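Structure file model23.cif; described as mmCIF, C-alpha atoms.
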data_structure
loop_
_atom_site.label_atom_id
_atom_site.label_comp_id
_atom_site.auth_asym_id
_atom_site.auth_seq_id
_atom_site.Cartn_x
_atom_site.Cartn_y
_atom_site.Cartn_z
CA GLU T 1 -105.74 -9.51 -60.30
CA LEU T 2 -102.97 -7.65 -62.07
CA ASP T 3 -100.56 -10.01 -63.86
CA GLY T 4 -98.72 -7.60 -66.14
CA LEU T 5 -99.09 -5.01 -68.86
CA MET T 6 -100.28 -4.97 -72.45
CA SER T 7 -99.46 -2.43 -75.14
CA ILE T 8 -99.88 -2.02 -78.86
CA GLY T 9 -96.87 -0.62 -80.65
CA ALA T 10 -97.11 2.63 -82.56
CA PRO T 11 -97.94 2.23 -86.25
CA VAL T 12 -94.55 2.17 -87.98
CA ASP T 13 -93.19 1.26 -91.40
CA ARG T 14 -90.35 -0.85 -90.01
CA ALA T 15 -90.73 -3.22 -87.06
CA GLU T 16 -87.45 -1.96 -85.58
CA ASP T 17 -89.00 1.50 -85.19
CA ALA T 18 -91.44 0.05 -82.60
CA ARG T 19 -88.60 -1.05 -80.31
CA GLY T 20 -88.57 2.14 -78.22
CA GLY T 21 -92.23 1.80 -77.27
CA PHE T 22 -91.80 -1.85 -76.32
CA ALA T 23 -88.74 -1.01 -74.23
CA ARG T 24 -90.68 1.74 -72.42
CA THR T 25 -93.52 -0.70 -71.66
CA ARG T 26 -91.04 -3.20 -70.22
CA GLU T 27 -89.37 -0.45 -68.15
CA LEU T 28 -92.78 0.65 -66.83
CA ARG T 29 -93.57 -2.95 -65.85
CA ASP T 30 -90.21 -3.21 -64.07
CA ARG T 31 -90.86 0.02 -62.12
CA LEU T 32 -94.34 -1.18 -61.15
CA GLU T 33 -92.91 -4.46 -59.87
CA ARG T 34 -90.53 -2.56 -57.60
CA ARG T 35 -93.22 -0.17 -56.43
CA LEU T 36 -95.82 -2.88 -55.78
CA GLY T 37 -93.32 -5.34 -54.36
CA ARG T 38 -94.65 -8.16 -56.51
CA THR T 39 -93.88 -9.89 -59.78
CA LEU T 40 -95.85 -8.98 -62.90
CA PRO T 41 -94.91 -11.91 -65.16
CA GLU T 42 -96.94 -11.05 -68.25
CA LEU T 43 -95.87 -8.51 -70.83
CA SER T 44 -98.20 -8.63 -73.82
CA MET T 45 -96.91 -6.56 -76.70
CA GLY T 46 -96.34 -7.07 -80.37
CA MET T 47 -98.50 -7.97 -83.32
CA SER T 48 -97.94 -9.76 -86.62
CA GLN T 49 -95.77 -7.03 -88.12
CA ASP T 50 -93.51 -6.41 -85.12
CA PHE T 51 -93.71 -9.40 -82.78
CA GLU T 52 -90.05 -10.39 -83.22
CA VAL T 53 -88.87 -7.01 -81.91
CA ALA T 54 -91.43 -7.21 -79.10
CA VAL T 55 -90.10 -10.62 -78.03
CA GLU T 56 -86.54 -9.26 -78.07
CA GLU T 57 -87.77 -6.53 -75.69
CA GLY T 58 -89.33 -9.05 -73.28
CA SER T 59 -92.82 -9.80 -74.55
CA THR T 60 -94.37 -12.96 -73.09
CA MET T 61 -97.46 -12.85 -75.34
CA VAL T 62 -97.95 -11.68 -78.92
CA ARG T 63 -101.02 -11.20 -81.11
CA VAL T 64 -100.47 -12.66 -84.58
CA GLY T 65 -103.99 -12.95 -86.02
CA THR T 66 -103.11 -11.20 -89.28
CA ALA T 67 -100.15 -13.51 -89.86
CA LEU T 68 -102.42 -16.52 -89.35
CA PHE T 69 -105.71 -15.40 -90.91
CA GLY T 70 -104.85 -12.47 -93.19
CA SER T 71 -105.98 -8.87 -92.91
CA ARG T 72 -109.54 -7.91 -92.10
CA GLY T 73 -111.98 -6.72 -94.69
#
Take the structure in the file and give it back as structure tokens.
Amino acid sequence: ELDGLMSIGAPVDRAEDARGGFARTRELRDRLERRLGRTLPELSMGMSQDFEVAVEEGSTMVRVGTALFGSRG
């Protein structure tokens, strides 16, 4: 069952530079809701380096593993 969309922001040097991609994901979700005639409540976008911007753009879930556990390898 489809509950929403998930995206990973483009690799950027500044979190603010990821805002456009997050906004486009939210806009796509909004268009899908209208087209499908149903609510898609989840919008998973944003990771440790850009989650604040993602939340400002409507994210309902973020992935912050690096902030909690450090980088891999």
Could you tell me which residues the PyMOL selection byres ((chain T and resi 3) around 10) grabs in this file, written as a list in words? Glu1, Leu2, Gly4, Leu5, Met6, Arg38, Thr39, Leu40, Pro41, Glu42 and Leu43 of chain T
Take the selection from the previous step and output its residues with C-alpha atoms, as a compact mmCIF listing (two decimals), in the frame of the given file.
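Produced file out-v5.txt, reproduced below:
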# COMPACT_ATOMS: atom_id res chain seq x y z
CA GLU T 1 -105.74 -9.51 -60.30
CA LEU T 2 -102.97 -7.65 -62.07
CA GLY T 4 -98.72 -7.60 -66.14
CA LEU T 5 -99.09 -5.01 -68.86
CA MET T 6 -100.28 -4.97 -72.45
CA ARG T 38 -94.65 -8.16 -56.51
CA THR T 39 -93.88 -9.89 -59.78
CA LEU T 40 -95.85 -8.98 -62.90
CA PRO T 41 -94.91 -11.91 -65.16
CA GLU T 42 -96.94 -11.05 -68.25
CA LEU T 43 -95.87 -8.51 -70.83
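For Ser71 (chain T), the set of protein, DNA and RNA residues having any atom at most 12 Å away, when counting only C-alpha atoms and skipping those fewer than 6 positions along the same chain, is Ser48, Gln49, Val64 and Gly65 of chain T.
Evaluating the PyMOL selection byres ((chain T and resi 23) around 10) against the shown model yields Ala18, Arg19, Gly20, Gly21, Phe22, Arg24, Thr25, Arg26, Glu27, Leu28, Arg29, Val53, Ala54, Glu56, Glu57, Gly58 and Ser59 of chain T.
Among the candidates T:Gly37, T:Asp30, T:Val55, T:Met47, the one nearest to Leu68 (chain T) when counting only C-alpha atoms is T:Met47.
Shown here are all protein and nucleic acid residues lying within 7 Å of (-100.7, -6.0, -81.3), with all atoms listed in the file considered: Ile8, Gly9, Met45, Gly46, Met47, Val62 and Arg63 of chain T.
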Box for region 54-62 of chain T - axis-aligned, 8 Å on each of the six sides, all listed atoms - centre and size in Å to one decimal, as lines of an AutoDock Vina configuration file.
center_x = -92.2
center_y = -9.7
center_z = -76.1
size_x = 27.4
size_y = 22.4
size_z = 22.0
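The residue that comes closest to Glu16 (chain T), out of T:Thr66, T:Ser44, T:Glu52, T:Leu36 and on the basis of only C-alpha atoms, is T:Glu52.
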Please, can region 18-39 of chain T be completed to N, CA, C and O atoms and returned as an mmCIF file, keeping the file's coordinate frame?
data_model
loop_
_atom_site.group_PDB
_atom_site.id
_atom_site.type_symbol
_atom_site.label_atom_id
_atom_site.label_comp_id
_atom_site.auth_asym_id
_atom_site.auth_seq_id
_atom_site.Cartn_x
_atom_site.Cartn_y
_atom_site.Cartn_z
ATOM 1 N N ALA T 18 -90.547 0.237 -83.743
ATOM 2 C CA ALA T 18 -91.440 0.050 -82.600
ATOM 3 C C ALA T 18 -90.671 -0.310 -81.334
ATOM 4 O O ALA T 18 -91.240 -0.323 -80.242
ATOM 5 N N ARG T 19 -89.400 -0.578 -81.444
ATOM 6 C CA ARG T 19 -88.600 -1.050 -80.310
ATOM 7 C C ARG T 19 -88.669 -0.108 -79.105
ATOM 8 O O ARG T 19 -88.802 -0.553 -77.962
ATOM 9 N N GLY T 20 -88.571 1.183 -79.329
ATOM 10 C CA GLY T 20 -88.570 2.140 -78.220
ATOM 11 C C GLY T 20 -89.835 2.047 -77.370
ATOM 12 O O GLY T 20 -89.776 2.078 -76.141
ATOM 13 N N GLY T 21 -90.977 1.922 -78.007
ATOM 14 C CA GLY T 21 -92.230 1.800 -77.270
ATOM 15 C C GLY T 21 -92.297 0.518 -76.466
ATOM 16 O O GLY T 21 -92.782 0.507 -75.325
ATOM 17 N N PHE T 22 -91.820 -0.578 -77.045
ATOM 18 C CA PHE T 22 -91.800 -1.850 -76.320
ATOM 19 C C PHE T 22 -90.852 -1.778 -75.130
ATOM 20 O O PHE T 22 -91.162 -2.264 -74.049
ATOM 21 N N ALA T 23 -89.711 -1.153 -75.325
ATOM 22 C CA ALA T 23 -88.740 -1.010 -74.230
ATOM 23 C C ALA T 23 -89.342 -0.176 -73.104
ATOM 24 O O ALA T 23 -89.178 -0.511 -71.918
ATOM 25 N N ARG T 24 -90.064 0.899 -73.453
ATOM 26 C CA ARG T 24 -90.680 1.740 -72.420
ATOM 27 C C ARG T 24 -91.754 0.961 -71.653
ATOM 28 O O ARG T 24 -91.883 1.109 -70.437
ATOM 29 N N THR T 25 -92.511 0.121 -72.342
ATOM 30 C CA THR T 25 -93.520 -0.700 -71.660
ATOM 31 C C THR T 25 -92.850 -1.654 -70.678
ATOM 32 O O THR T 25 -93.294 -1.812 -69.536
ATOM 33 N N ARG T 26 -91.775 -2.292 -71.110
ATOM 34 C CA ARG T 26 -91.040 -3.200 -70.220
ATOM 35 C C ARG T 26 -90.491 -2.443 -69.012
ATOM 36 O O ARG T 26 -90.593 -2.894 -67.869
ATOM 37 N N GLU T 27 -89.919 -1.260 -69.245
ATOM 38 C CA GLU T 27 -89.370 -0.450 -68.150
ATOM 39 C C GLU T 27 -90.472 -0.040 -67.174
ATOM 40 O O GLU T 27 -90.259 -0.052 -65.952
ATOM 41 N N LEU T 28 -91.650 0.303 -67.690
ATOM 42 C CA LEU T 28 -92.780 0.650 -66.830
ATOM 43 C C LEU T 28 -93.187 -0.551 -65.977
ATOM 44 O O LEU T 28 -93.408 -0.425 -64.771
ATOM 45 N N ARG T 29 -93.253 -1.726 -66.598
ATOM 46 C CA ARG T 29 -93.570 -2.950 -65.850
ATOM 47 C C ARG T 29 -92.549 -3.184 -64.736
ATOM 48 O O ARG T 29 -92.907 -3.489 -63.598
ATOM 49 N N ASP T 30 -91.273 -3.001 -65.055
ATOM 50 C CA ASP T 30 -90.210 -3.210 -64.070
ATOM 51 C C ASP T 30 -90.350 -2.230 -62.901
ATOM 52 O O ASP T 30 -90.177 -2.611 -61.739
ATOM 53 N N ARG T 31 -90.671 -0.976 -63.185
ATOM 54 C CA ARG T 31 -90.860 0.020 -62.120
ATOM 55 C C ARG T 31 -92.073 -0.331 -61.261
ATOM 56 O O ARG T 31 -92.041 -0.191 -60.038
ATOM 57 N N LEU T 32 -93.149 -0.780 -61.902
ATOM 58 C CA LEU T 32 -94.340 -1.180 -61.150
ATOM 59 C C LEU T 32 -94.054 -2.361 -60.232
ATOM 60 O O LEU T 32 -94.541 -2.402 -59.096
ATOM 61 N N GLU T 33 -93.272 -3.318 -60.718
ATOM 62 C CA GLU T 33 -92.910 -4.460 -59.870
ATOM 63 C C GLU T 33 -92.204 -3.985 -58.595
ATOM 64 O O GLU T 33 -92.529 -4.446 -57.494
ATOM 65 N N ARG T 34 -91.261 -3.076 -58.761
ATOM 66 C CA ARG T 34 -90.530 -2.560 -57.600
ATOM 67 C C ARG T 34 -91.466 -1.792 -56.658
ATOM 68 O O ARG T 34 -91.417 -1.958 -55.447
ATOM 69 N N ARG T 35 -92.315 -0.984 -57.247
ATOM 70 C CA ARG T 35 -93.220 -0.170 -56.430
ATOM 71 C C ARG T 35 -94.257 -1.012 -55.700
ATOM 72 O O ARG T 35 -94.582 -0.755 -54.540
ATOM 73 N N LEU T 36 -94.796 -2.028 -56.377
ATOM 74 C CA LEU T 36 -95.820 -2.880 -55.780
ATOM 75 C C LEU T 36 -95.242 -3.985 -54.915
ATOM 76 O O LEU T 36 -95.954 -4.612 -54.131
ATOM 77 N N GLY T 37 -93.956 -4.275 -55.118
ATOM 78 C CA GLY T 37 -93.320 -5.340 -54.360
ATOM 79 C C GLY T 37 -93.818 -6.722 -54.761
ATOM 80 O O GLY T 37 -93.858 -7.634 -53.943
ATOM 81 N N ARG T 38 -94.180 -6.860 -56.020
ATOM 82 C CA ARG T 38 -94.650 -8.160 -56.510
ATOM 83 C C ARG T 38 -94.287 -8.321 -57.979
ATOM 84 O O ARG T 38 -94.055 -7.359 -58.688
ATOM 85 N N THR T 39 -94.245 -9.565 -58.410
ATOM 86 C CA THR T 39 -93.880 -9.890 -59.780
ATOM 87 C C THR T 39 -95.085 -9.704 -60.701
ATOM 88 O O THR T 39 -96.202 -10.099 -60.357
#
